[in-house]
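Okay, structure first, notes after.
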Amino acid sequence: MEHPENNEAYKGLAVNAGIEQPASVNPYLKNGHRRKKPRLSVSDYVEGIIKGDITVLSRAVTLTESTRPEHQSVAQEVIEKCLPYAGNSIRVGISGVPGAGKSTSIDAFGLHVLEQYGGKLAVLAIDPSSERSKGSILGDKTRMEKLAVHPKSFIRPSPAAGSLGGVARKTRETIVLCEAAGFDKIFVETVGVGQSETAVHSMVDFFLLIQLAGTGDELQGIKRGIMEMADGIVINKADGDNLEPARLAAVQFRNALRLFPVPESGWTPQVFTYSGFYNLGVKEIWDMIYRYIAFVKDNGYFEYRRNAQSKYWMYETIEEHLRDSFYHNPCIKAMLAQKERQVLQGELTSFVAAKSLLDAYFKSKREWTSNDEIEES
Ligand code: GDP
């Protein structure tokens, strides 16, 4: 309709009919219209990773975390092709109970090593129990505010909850991908409440244990095994009123460590106090870690430990696959609950029950193999 102001009297002030505004929602983003990311081939992945392309690296990590067999086979090929480019890094495991200050410290440690030594830093995690690990990248990024926006850092949360062995293996594979992408410093964080330390210890060059000064006996609640694994123990929150208790805790840890035999590495673990929050004493810790690396590279232990770790992971992977194959076997699934009941009711001994399950498993495998042979011939 013609607008009244378009009358001759208002010449020069023409008002046009309005233009329909586009919807605020792009209809093409509805399900089905979303543009799929193009599939990458193994060589696309490998080339992207070696160029240091973070998007490709992230996608490759996601692939290693996938349980779908077709993703796993691509992932394994990518990892294998990346292996020759991996290994050239310093891997540090960082452990401590929730609230010990791991995130705050990793933020401070990360900035320090990047400033002091240059290069690129990847922060990974092993946390098979946590809610946080269910894909919350944002959660981890906000935990490490400064590193999250640092152009030389890559933060990746723990693979989604699952068996510890599975979660740890994926993190170990991620280390290979990150190293191939040029990350020469790798932090692997773990929550210090049990076996995850052993998993982290089996993939790092230096194991750093973060402790807090508490009340009473500082050493209470720390398993001897975990202390034995530590190459360095650091007491966080040594600031304000907590300075003295932290120093006291350090003395107690030093005394306790004296009672342990000298570790295989020949390196006597050291104890420091620091404050991740106020960035005090951080340099001393990293000077120590770099001293350690020089020490073990010199005496051959660095190479030895990495080889021992590779061997350990070979056996771990075999065991994980065997366990998976066993428990996912349809015959076993059908029998397991009944056998368990029979054991609980005293009708079968554990050993007889286990043997009959294993026999059934191997028998089903043999049948599978001979069926395959028939099909092939
Ligand atoms: P995480 O659970 O081990 O990752 O621990 P966080 O890094 O989230 O820290 C737990 C709490 O301790 C937070 O409220 C931090 O602000 C605080 N915190 C961490 N480091 C220090 C420190 O060096 N000094 C003090 N006073 N507080 C700290």
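Each chain in the structure tokens gets a letter, A, B, ..., in the order shown, and its residues are numbered from 1; ligands are numbered from 1 in order too.
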Nearby residues (only C-alpha atoms) at most 12 Å from Tyr290 of chain A, same-chain spacing under 2 positions excluded, as number ranges by chain: A: 89-92, 113, 116-117, 185, 205-206, 231-232, 283-288, 292-297
query: What residues have any atom no more than 7 Å from ligand 1 when counting only C-alpha atoms and all ligand atoms, and can you list them as an MDAnalysis selection string?
result: chainID A and resid 96:105 143 236:239 274:278
- request: Write out as a ChimeraX atom specification the residues lying within 12 Å of Arg169 of chain A, counting only C-alpha atoms and excluding same-chain residues fewer than 4 positions away.
  value: /A:61,64-65,76,125-126,128,158-159,162-165,173-176,196,199-200,202-203,309-310,312-321
query: What is the atom CA of Leu147 of chain A to atom CA of Ile106 of chain A distance in Å?
result: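 Interatomic distance here is 8.4 Å.
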- request: Pick out the residues sitting within 9 Å of segment 335-339 of chain A, and hand them over as a PyMOL selection string; count only C-alpha atoms, and ignore anything fewer than 3 positions along from it in its own chain.
  value: chain A and resi 327+330-332+342-344+348+350+353-354+356-357
Limited to N, CA, C and O atoms, could you put the picked residues into a file as an mmCIF file, in the first residue's frame?
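Now in part16.cif:
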data_model
loop_
_atom_site.group_PDB
_atom_site.id
_atom_site.type_symbol
_atom_site.label_atom_id
_atom_site.label_comp_id
_atom_site.auth_asym_id
_atom_site.auth_seq_id
_atom_site.Cartn_x
_atom_site.Cartn_y
_atom_site.Cartn_z
ATOM 1 N N TYR A 327 34.343 -60.926 27.793
ATOM 2 C CA TYR A 327 33.072 -60.515 28.401
ATOM 3 C C TYR A 327 32.018 -60.113 27.371
ATOM 4 O O TYR A 327 30.838 -60.093 27.671
ATOM 5 N N PRO A 330 29.055 -63.702 23.163
ATOM 6 C CA PRO A 330 27.653 -64.051 23.446
ATOM 7 C C PRO A 330 27.507 -65.308 24.318
ATOM 8 O O PRO A 330 26.664 -65.350 25.207
ATOM 9 N N CYS A 331 28.359 -66.314 24.099
ATOM 10 C CA CYS A 331 28.291 -67.541 24.911
ATOM 11 C C CYS A 331 28.527 -67.205 26.386
ATOM 12 O O CYS A 331 27.823 -67.687 27.271
ATOM 13 N N ILE A 332 29.554 -66.401 26.594
ATOM 14 C CA ILE A 332 29.926 -66.050 27.978
ATOM 15 C C ILE A 332 28.816 -65.213 28.614
ATOM 16 O O ILE A 332 28.433 -65.441 29.762
ATOM 17 N N GLN A 342 25.962 -70.266 40.800
ATOM 18 C CA GLN A 342 26.361 -71.601 41.268
ATOM 19 C C GLN A 342 27.543 -71.520 42.241
ATOM 20 O O GLN A 342 27.597 -72.270 43.199
ATOM 21 N N VAL A 343 28.437 -70.592 41.968
ATOM 22 C CA VAL A 343 29.581 -70.420 42.875
ATOM 23 C C VAL A 343 29.075 -69.904 44.223
ATOM 24 O O VAL A 343 29.462 -70.408 45.283
ATOM 25 N N LEU A 344 28.174 -68.925 44.169
ATOM 26 C CA LEU A 344 27.679 -68.331 45.416
ATOM 27 C C LEU A 344 26.884 -69.349 46.238
ATOM 28 O O LEU A 344 26.914 -69.322 47.462
ATOM 29 N N LEU A 348 29.431 -74.985 42.758
ATOM 30 C CA LEU A 348 30.668 -75.095 41.971
ATOM 31 C C LEU A 348 31.776 -74.351 42.701
ATOM 32 O O LEU A 348 31.511 -73.345 43.370
ATOM 33 N N SER A 350 35.055 -71.872 42.536
ATOM 34 C CA SER A 350 35.406 -70.759 41.646
ATOM 35 C C SER A 350 36.216 -71.256 40.460
ATOM 36 O O SER A 350 36.044 -70.803 39.328
ATOM 37 N N ALA A 353 34.162 -73.225 37.898
ATOM 38 C CA ALA A 353 33.301 -72.295 37.162
ATOM 39 C C ALA A 353 34.128 -71.519 36.141
ATOM 40 O O ALA A 353 33.752 -71.398 34.966
ATOM 41 N N ALA A 354 35.278 -71.031 36.585
ATOM 42 C CA ALA A 354 36.137 -70.251 35.681
ATOM 43 C C ALA A 354 36.570 -71.121 34.513
ATOM 44 O O ALA A 354 36.553 -70.692 33.350
ATOM 45 N N SER A 356 35.096 -73.761 33.223
ATOM 46 C CA SER A 356 34.050 -74.072 32.250
ATOM 47 C C SER A 356 33.729 -72.843 31.393
ATOM 48 O O SER A 356 33.456 -72.964 30.196
ATOM 49 N N LEU A 357 33.830 -71.656 31.977
ATOM 50 C CA LEU A 357 33.616 -70.443 31.179
ATOM 51 C C LEU A 357 34.723 -70.285 30.135
ATOM 52 O O LEU A 357 34.458 -69.985 28.964
#
field: Every residue of segment 72-248 of chain A that DSSP places in strand (DSSP E or B), as a PyMOL selection string
entry: chain A and resi 90-96+121-126+153-155+185-191+206-212+232-236
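The shortest atom-to-atom distance to Pro157 of chain A, with only C-alpha atoms taken into account, belongs to A:Ser58 out of A:Lys120, A:Leu209, A:Leu40, A:Ser58.
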When DSSP is applied to the backbone of this structure, which of segment 233-346 of chain A are assigned helix (DSSP H, G or I)? Write them out as a JSON list (two decimals) with N, CA, C and O atoms, in the first residue's frame.
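Result file selection_8.json:
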[["chain", "number", "residue", "atom", "x", "y", "z"],
["A", 240, "GLY", "N", 50.47, -17.09, 53.10],
["A", 240, "GLY", "CA", 49.74, -16.57, 54.27],
["A", 240, "GLY", "C", 50.01, -17.39, 55.52],
["A", 240, "GLY", "O", 51.15, -17.81, 55.78],
["A", 241, "ASP", "N", 48.94, -17.70, 56.23],
["A", 241, "ASP", "CA", 49.06, -18.44, 57.48],
["A", 241, "ASP", "C", 49.52, -19.87, 57.28],
["A", 241, "ASP", "O", 49.90, -20.55, 58.23],
["A", 242, "ASN", "N", 49.43, -20.31, 56.05],
["A", 242, "ASN", "CA", 49.73, -21.71, 55.77],
["A", 242, "ASN", "C", 51.22, -21.95, 55.49],
["A", 242, "ASN", "O", 51.64, -23.08, 55.29],
["A", 243, "LEU", "N", 51.99, -20.87, 55.51],
["A", 243, "LEU", "CA", 53.40, -20.99, 55.15],
["A", 243, "LEU", "C", 54.15, -21.94, 56.09],
["A", 243, "LEU", "O", 54.84, -22.86, 55.64],
["A", 244, "GLU", "N", 54.00, -21.71, 57.39],
["A", 244, "GLU", "CA", 54.70, -22.54, 58.37],
["A", 244, "GLU", "C", 54.26, -24.00, 58.32],
["A", 244, "GLU", "O", 55.10, -24.89, 58.24],
["A", 245, "PRO", "N", 52.93, -24.27, 58.37],
["A", 245, "PRO", "CA", 52.51, -25.67, 58.27],
["A", 245, "PRO", "C", 53.04, -26.34, 57.01],
["A", 245, "PRO", "O", 53.42, -27.52, 57.03],
["A", 246, "ALA", "N", 53.11, -25.59, 55.91],
["A", 246, "ALA", "CA", 53.62, -26.18, 54.66],
["A", 246, "ALA", "C", 55.10, -26.54, 54.80],
["A", 246, "ALA", "O", 55.53, -27.63, 54.37],
["A", 247, "ARG", "N", 55.84, -25.66, 55.45],
["A", 247, "ARG", "CA", 57.27, -25.96, 55.63],
["A", 247, "ARG", "C", 57.47, -27.18, 56.51],
["A", 247, "ARG", "O", 58.34, -28.01, 56.27],
["A", 248, "LEU", "N", 56.64, -27.25, 57.54],
["A", 248, "LEU", "CA", 56.71, -28.38, 58.45],
["A", 248, "LEU", "C", 56.37, -29.69, 57.72],
["A", 248, "LEU", "O", 57.06, -30.70, 57.89],
["A", 249, "ALA", "N", 55.35, -29.62, 56.88],
["A", 249, "ALA", "CA", 54.97, -30.81, 56.10],
["A", 249, "ALA", "C", 56.13, -31.23, 55.21],
["A", 249, "ALA", "O", 56.44, -32.42, 55.09],
["A", 250, "ALA", "N", 56.82, -30.25, 54.63],
["A", 250, "ALA", "CA", 57.95, -30.57, 53.74],
["A", 250, "ALA", "C", 59.03, -31.32, 54.52],
["A", 250, "ALA", "O", 59.59, -32.31, 54.02],
["A", 251, "VAL", "N", 59.29, -30.88, 55.75],
["A", 251, "VAL", "CA", 60.31, -31.55, 56.57],
["A", 251, "VAL", "C", 59.88, -32.99, 56.82],
["A", 251, "VAL", "O", 60.68, -33.93, 56.70],
["A", 252, "GLN", "N", 58.60, -33.17, 57.14],
["A", 252, "GLN", "CA", 58.13, -34.53, 57.41],
["A", 252, "GLN", "C", 58.24, -35.43, 56.18],
["A", 252, "GLN", "O", 58.62, -36.59, 56.29],
["A", 253, "PHE", "N", 57.92, -34.87, 55.02],
["A", 253, "PHE", "CA", 58.04, -35.67, 53.79],
["A", 253, "PHE", "C", 59.50, -36.03, 53.51],
["A", 253, "PHE", "O", 59.81, -37.15, 53.13],
["A", 254, "ARG", "N", 60.37, -35.05, 53.73],
["A", 254, "ARG", "CA", 61.80, -35.33, 53.48],
["A", 254, "ARG", "C", 62.27, -36.46, 54.39],
["A", 254, "ARG", "O", 62.98, -37.36, 53.96],
["A", 255, "ASN", "N", 61.86, -36.39, 55.66],
["A", 255, "ASN", "CA", 62.26, -37.44, 56.60],
["A", 255, "ASN", "C", 61.72, -38.79, 56.18],
["A", 255, "ASN", "O", 62.42, -39.80, 56.24],
["A", 256, "ALA", "N", 60.46, -38.78, 55.75],
["A", 256, "ALA", "CA", 59.85, -40.06, 55.37],
["A", 256, "ALA", "C", 60.54, -40.65, 54.15],
["A", 256, "ALA", "O", 60.80, -41.85, 54.07],
["A", 257, "LEU", "N", 60.88, -39.77, 53.19],
["A", 257, "LEU", "CA", 61.50, -40.25, 51.96],
["A", 257, "LEU", "C", 62.87, -40.87, 52.22],
["A", 257, "LEU", "O", 63.31, -41.76, 51.48],
["A", 258, "ARG", "N", 63.52, -40.40, 53.28],
["A", 258, "ARG", "CA", 64.85, -40.96, 53.61],
["A", 258, "ARG", "C", 64.76, -42.43, 53.95],
["A", 258, "ARG", "O", 65.75, -43.15, 53.87],
["A", 282, "VAL", "N", 57.41, -21.55, 42.00],
["A", 282, "VAL", "CA", 57.13, -22.38, 40.82],
["A", 282, "VAL", "C", 58.44, -22.66, 40.04],
["A", 282, "VAL", "O", 58.69, -23.77, 39.58],
["A", 283, "LYS", "N", 59.26, -21.63, 39.94],
["A", 283, "LYS", "CA", 60.51, -21.77, 39.18],
["A", 283, "LYS", "C", 61.38, -22.90, 39.76],
["A", 283, "LYS", "O", 61.91, -23.72, 39.02],
["A", 284, "GLU", "N", 61.47, -22.94, 41.10],
["A", 284, "GLU", "CA", 62.31, -23.95, 41.76],
["A", 284, "GLU", "C", 61.86, -25.36, 41.39],
["A", 284, "GLU", "O", 62.67, -26.25, 41.17],
["A", 285, "ILE", "N", 60.55, -25.52, 41.33],
["A", 285, "ILE", "CA", 60.03, -26.86, 41.00],
["A", 285, "ILE", "C", 60.45, -27.26, 39.59],
["A", 285, "ILE", "O", 60.92, -28.37, 39.35],
["A", 286, "TRP", "N", 60.32, -26.33, 38.66],
["A", 286, "TRP", "CA", 60.64, -26.67, 37.27],
["A", 286, "TRP", "C", 62.13, -26.75, 37.02],
["A", 286, "TRP", "O", 62.57, -27.55, 36.20],
["A", 287, "ASP", "N", 62.90, -26.00, 37.79],
["A", 287, "ASP", "CA", 64.35, -26.19, 37.69],
["A", 287, "ASP", "C", 64.69, -27.62, 38.10],
["A", 287, "ASP", "O", 65.51, -28.28, 37.48],
["A", 288, "MET", "N", 64.01, -28.07, 39.17],
["A", 288, "MET", "CA", 64.26, -29.43, 39.65],
["A", 288, "MET", "C", 63.88, -30.47, 38.59],
["A", 288, "MET", "O", 64.63, -31.41, 38.32],
["A", 289, "ILE", "N", 62.72, -30.27, 37.96],
["A", 289, "ILE", "CA", 62.27, -31.26, 36.96],
["A", 289, "ILE", "C", 63.25, -31.31, 35.78],
["A", 289, "ILE", "O", 63.62, -32.38, 35.31],
["A", 290, "TYR", "N", 63.71, -30.17, 35.35],
["A", 290, "TYR", "CA", 64.67, -30.16, 34.24],
["A", 290, "TYR", "C", 66.03, -30.74, 34.66],
["A", 290, "TYR", "O", 66.72, -31.37, 33.86],
["A", 291, "ARG", "N", 66.38, -30.54, 35.94],
["A", 291, "ARG", "CA", 67.62, -31.17, 36.45],
["A", 291, "ARG", "C", 67.47, -32.69, 36.41],
["A", 291, "ARG", "O", 68.38, -33.41, 36.02],
["A", 292, "TYR", "N", 66.29, -33.15, 36.80],
["A", 292, "TYR", "CA", 66.02, -34.59, 36.80],
["A", 292, "TYR", "C", 66.16, -35.15, 35.37],
["A", 292, "TYR", "O", 66.81, -36.16, 35.14],
["A", 293, "ILE", "N", 65.52, -34.45, 34.42],
["A", 293, "ILE", "CA", 65.55, -34.93, 33.03],
["A", 293, "ILE", "C", 67.01, -35.03, 32.54],
["A", 293, "ILE", "O", 67.40, -36.04, 31.94],
["A", 294, "ALA", "N", 67.80, -34.02, 32.84],
["A", 294, "ALA", "CA", 69.20, -34.05, 32.41],
["A", 294, "ALA", "C", 69.92, -35.22, 33.08],
["A", 294, "ALA", "O", 70.69, -35.95, 32.44],
["A", 295, "PHE", "N", 69.62, -35.43, 34.37],
["A", 295, "PHE", "CA", 70.25, -36.50, 35.15],
["A", 295, "PHE", "C", 69.94, -37.88, 34.55],
["A", 295, "PHE", "O", 70.84, -38.69, 34.32],
["A", 296, "VAL", "N", 68.64, -38.13, 34.28],
["A", 296, "VAL", "CA", 68.29, -39.48, 33.79],
["A", 296, "VAL", "C", 68.63, -39.68, 32.31],
["A", 296, "VAL", "O", 68.82, -40.80, 31.86],
["A", 297, "LYS", "N", 68.72, -38.57, 31.57],
["A", 297, "LYS", "CA", 69.17, -38.73, 30.17],
["A", 297, "LYS", "C", 70.64, -39.12, 30.18],
["A", 297, "LYS", "O", 71.09, -39.91, 29.36],
["A", 298, "ASP", "N", 71.34, -38.56, 31.14],
["A", 298, "ASP", "CA", 72.76, -38.82, 31.23],
["A", 298, "ASP", "C", 73.05, -40.25, 31.68],
["A", 298, "ASP", "O", 73.93, -40.91, 31.14],
["A", 299, "ASN", "N", 72.28, -40.73, 32.66],
["A", 299, "ASN", "CA", 72.60, -42.09, 33.17],
["A", 299, "ASN", "C", 71.84, -43.21, 32.44],
["A", 299, "ASN", "O", 71.91, -44.37, 32.83],
["A", 301, "TYR", "N", 68.64, -43.80, 32.27],
["A", 301, "TYR", "CA", 67.36, -44.25, 32.83],
["A", 301, "TYR", "C", 66.16, -43.73, 32.04],
["A", 301, "TYR", "O", 65.13, -44.39, 31.95],
["A", 302, "PHE", "N", 66.32, -42.54, 31.43],
["A", 302, "PHE", "CA", 65.23, -41.94, 30.65],
["A", 302, "PHE", "C", 64.78, -42.90, 29.55],
["A", 302, "PHE", "O", 63.61, -43.25, 29.45],
["A", 303, "GLU", "N", 65.75, -43.37, 28.78],
["A", 303, "GLU", "CA", 65.50, -44.31, 27.68],
["A", 303, "GLU", "C", 64.94, -45.63, 28.23],
["A", 303, "GLU", "O", 63.98, -46.18, 27.70],
["A", 304, "TYR", "N", 65.55, -46.08, 29.32],
["A", 304, "TYR", "CA", 65.16, -47.36, 29.92],
["A", 304, "TYR", "C", 63.70, -47.31, 30.36],
["A", 304, "TYR", "O", 62.93, -48.22, 30.10],
["A", 305, "ARG", "N", 63.32, -46.21, 31.01],
["A", 305, "ARG", "CA", 61.95, -46.10, 31.51],
["A", 305, "ARG", "C", 60.93, -46.04, 30.37],
["A", 305, "ARG", "O", 59.90, -46.68, 30.42],
["A", 306, "ARG", "N", 61.28, -45.32, 29.33],
["A", 306, "ARG", "CA", 60.36, -45.25, 28.19],
["A", 306, "ARG", "C", 60.19, -46.62, 27.53],
["A", 306, "ARG", "O", 59.09, -46.99, 27.14],
["A", 307, "ASN", "N", 61.29, -47.37, 27.44],
["A", 307, "ASN", "CA", 61.18, -48.71, 26.86],
["A", 307, "ASN", "C", 60.33, -49.61, 27.74],
["A", 307, "ASN", "O", 59.49, -50.36, 27.25],
["A", 308, "ALA", "N", 60.57, -49.51, 29.04],
["A", 308, "ALA", "CA", 59.79, -50.35, 29.97],
["A", 308, "ALA", "C", 58.31, -49.98, 29.87],
["A", 308, "ALA", "O", 57.44, -50.85, 29.93],
["A", 309, "GLN", "N", 58.04, -48.71, 29.67],
["A", 309, "GLN", "CA", 56.64, -48.27, 29.54],
["A", 309, "GLN", "C", 56.01, -48.83, 28.26],
["A", 309, "GLN", "O", 54.86, -49.26, 28.27],
["A", 310, "SER", "N", 56.77, -48.84, 27.17],
["A", 310, "SER", "CA", 56.22, -49.37, 25.92],
["A", 310, "SER", "C", 55.86, -50.84, 26.10],
["A", 310, "SER", "O", 54.82, -51.31, 25.64],
["A", 311, "LYS", "N", 56.75, -51.57, 26.80],
["A", 311, "LYS", "CA", 56.50, -52.99, 27.03],
["A", 311, "LYS", "C", 55.24, -53.15, 27.89],
["A", 311, "LYS", "O", 54.36, -53.93, 27.58],
["A", 312, "TYR", "N", 55.17, -52.34, 28.94],
["A", 312, "TYR", "CA", 54.02, -52.40, 29.84],
["A", 312, "TYR", "C", 52.71, -52.18, 29.06],
["A", 312, "TYR", "O", 51.74, -52.89, 29.24],
["A", 313, "TRP", "N", 52.72, -51.21, 28.14],
["A", 313, "TRP", "CA", 51.50, -50.90, 27.39],
["A", 313, "TRP", "C", 51.13, -51.96, 26.39],
["A", 313, "TRP", "O", 49.97, -52.16, 26.07],
["A", 314, "MET", "N", 52.16, -52.65, 25.90],
["A", 314, "MET", "CA", 51.85, -53.75, 25.00],
["A", 314, "MET", "C", 51.03, -54.80, 25.77],
["A", 314, "MET", "O", 49.97, -55.24, 25.34],
["A", 315, "TYR", "N", 51.53, -55.18, 26.94],
["A", 315, "TYR", "CA", 50.82, -56.20, 27.73],
["A", 315, "TYR", "C", 49.47, -55.69, 28.22],
["A", 315, "TYR", "O", 48.50, -56.43, 28.25],
["A", 316, "GLU", "N", 49.41, -54.44, 28.61],
["A", 316, "GLU", "CA", 48.14, -53.87, 29.07],
["A", 316, "GLU", "C", 47.08, -53.96, 27.96],
["A", 316, "GLU", "O", 45.93, -54.28, 28.20],
["A", 317, "THR", "N", 47.52, -53.62, 26.73],
["A", 317, "THR", "CA", 46.59, -53.61, 25.61],
["A", 317, "THR", "C", 46.11, -55.02, 25.31],
["A", 317, "THR", "O", 44.93, -55.25, 25.06],
["A", 318, "ILE", "N", 47.05, -55.98, 25.36],
["A", 318, "ILE", "CA", 46.66, -57.37, 25.12],
["A", 318, "ILE", "C", 45.60, -57.77, 26.16],
["A", 318, "ILE", "O", 44.55, -58.31, 25.83],
["A", 319, "GLU", "N", 45.89, -57.47, 27.42],
["A", 319, "GLU", "CA", 44.96, -57.89, 28.48],
["A", 319, "GLU", "C", 43.60, -57.23, 28.32],
["A", 319, "GLU", "O", 42.56, -57.86, 28.49],
["A", 320, "GLU", "N", 43.62, -55.94, 27.95],
["A", 320, "GLU", "CA", 42.36, -55.24, 27.80],
["A", 320, "GLU", "C", 41.51, -55.86, 26.67],
["A", 320, "GLU", "O", 40.32, -56.10, 26.83],
["A", 321, "HIS", "N", 42.19, -56.18, 25.56],
["A", 321, "HIS", "CA", 41.46, -56.75, 24.43],
["A", 321, "HIS", "C", 40.92, -58.14, 24.76],
["A", 321, "HIS", "O", 39.80, -58.49, 24.38],
["A", 322, "LEU", "N", 41.76, -58.92, 25.46],
["A", 322, "LEU", "CA", 41.30, -60.27, 25.81],
["A", 322, "LEU", "C", 40.09, -60.18, 26.74],
["A", 322, "LEU", "O", 39.11, -60.90, 26.57],
["A", 323, "ARG", "N", 40.17, -59.30, 27.71],
["A", 323, "ARG", "CA", 39.07, -59.14, 28.67],
["A", 323, "ARG", "C", 37.79, -58.72, 27.94],
["A", 323, "ARG", "O", 36.73, -59.29, 28.14],
["A", 324, "ASP", "N", 37.95, -57.75, 27.05],
["A", 324, "ASP", "CA", 36.80, -57.26, 26.27],
["A", 324, "ASP", "C", 36.19, -58.38, 25.44],
["A", 324, "ASP", "O", 34.98, -58.56, 25.42],
["A", 325, "SER", "N", 37.08, -59.10, 24.75],
["A", 325, "SER", "CA", 36.62, -60.15, 23.87],
["A", 325, "SER", "C", 35.89, -61.23, 24.68],
["A", 325, "SER", "O", 34.86, -61.74, 24.27],
["A", 326, "PHE", "N", 36.40, -61.52, 25.87],
["A", 326, "PHE", "CA", 35.80, -62.54, 26.73],
["A", 326, "PHE", "C", 34.41, -62.10, 27.21],
["A", 326, "PHE", "O", 33.42, -62.79, 27.00],
["A", 327, "TYR", "N", 34.34, -60.93, 27.79],
["A", 327, "TYR", "CA", 33.07, -60.52, 28.40],
["A", 327, "TYR", "C", 32.02, -60.11, 27.37],
["A", 327, "TYR", "O", 30.84, -60.09, 27.67],
["A", 330, "PRO", "N", 29.06, -63.70, 23.16],
["A", 330, "PRO", "CA", 27.65, -64.05, 23.45],
["A", 330, "PRO", "C", 27.51, -65.31, 24.32],
["A", 330, "PRO", "O", 26.66, -65.35, 25.21],
["A", 331, "CYS", "N", 28.36, -66.31, 24.10],
["A", 331, "CYS", "CA", 28.29, -67.54, 24.91],
["A", 331, "CYS", "C", 28.53, -67.21, 26.39],
["A", 331, "CYS", "O", 27.82, -67.69, 27.27],
["A", 332, "ILE", "N", 29.55, -66.40, 26.59],
["A", 332, "ILE", "CA", 29.93, -66.05, 27.98],
["A", 332, "ILE", "C", 28.82, -65.21, 28.61],
["A", 332, "ILE", "O", 28.43, -65.44, 29.76],
["A", 333, "LYS", "N", 28.30, -64.28, 27.85],
["A", 333, "LYS", "CA", 27.22, -63.43, 28.38],
["A", 333, "LYS", "C", 26.06, -64.30, 28.86],
["A", 333, "LYS", "O", 25.44, -64.04, 29.88],
["A", 334, "ALA", "N", 25.77, -65.35, 28.07],
["A", 334, "ALA", "CA", 24.63, -66.21, 28.42],
["A", 334, "ALA", "C", 24.92, -67.06, 29.66],
["A", 334, "ALA", "O", 24.01, -67.42, 30.39],
["A", 335, "MET", "N", 26.19, -67.38, 29.88],
["A", 335, "MET", "CA", 26.50, -68.32, 30.96],
["A", 335, "MET", "C", 26.90, -67.67, 32.28],
["A", 335, "MET", "O", 26.79, -68.27, 33.35],
["A", 336, "LEU", "N", 27.41, -66.45, 32.18],
["A", 336, "LEU", "CA", 28.13, -65.86, 33.32],
["A", 336, "LEU", "C", 27.29, -65.78, 34.60],
["A", 336, "LEU", "O", 27.74, -66.22, 35.66],
["A", 337, "ALA", "N", 26.07, -65.26, 34.48],
["A", 337, "ALA", "CA", 25.26, -65.04, 35.68],
["A", 337, "ALA", "C", 24.96, -66.38, 36.36],
["A", 337, "ALA", "O", 25.03, -66.48, 37.60],
["A", 338, "GLN", "N", 24.70, -67.41, 35.54],
["A", 338, "GLN", "CA", 24.37, -68.70, 36.12],
["A", 338, "GLN", "C", 25.58, -69.29, 36.88],
["A", 338, "GLN", "O", 25.46, -69.79, 37.99],
["A", 339, "LYS", "N", 26.74, -69.18, 36.25],
["A", 339, "LYS", "CA", 27.94, -69.72, 36.90],
["A", 339, "LYS", "C", 28.22, -68.97, 38.21],
["A", 339, "LYS", "O", 28.61, -69.57, 39.21],
["A", 340, "GLU", "N", 28.00, -67.70, 38.17],
["A", 340, "GLU", "CA", 28.24, -66.89, 39.37],
["A", 340, "GLU", "C", 27.31, -67.37, 40.49],
["A", 340, "GLU", "O", 27.73, -67.55, 41.63],
["A", 341, "ARG", "N", 26.06, -67.58, 40.12],
["A", 341, "ARG", "CA", 25.08, -68.06, 41.12],
["A", 341, "ARG", "C", 25.51, -69.40, 41.69],
["A", 341, "ARG", "O", 25.48, -69.62, 42.90],
["A", 342, "GLN", "N", 25.96, -70.27, 40.80],
["A", 342, "GLN", "CA", 26.36, -71.60, 41.27],
["A", 342, "GLN", "C", 27.54, -71.52, 42.24],
["A", 342, "GLN", "O", 27.60, -72.27, 43.20],
["A", 343, "VAL", "N", 28.44, -70.59, 41.97],
["A", 343, "VAL", "CA", 29.58, -70.42, 42.88],
["A", 343, "VAL", "C", 29.07, -69.90, 44.22],
["A", 343, "VAL", "O", 29.46, -70.41, 45.28],
["A", 344, "LEU", "N", 28.17, -68.93, 44.17],
["A", 344, "LEU", "CA", 27.68, -68.33, 45.42],
["A", 344, "LEU", "C", 26.88, -69.35, 46.24],
["A", 344, "LEU", "O", 26.91, -69.32, 47.46]]
query: atom CA of Tyr85 of chain A to atom CA of Glu179 of chain A: how many Å, to one decimal?
result: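 Spanning atom CA of Tyr85 of chain A to atom CA of Glu179 of chain A is a straight-line distance of 7.1 Å.
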Atom-to-atom span, atom CA of Ser73 of chain A and atom CA of Lys365 of chain A, Å: 21.5 Å
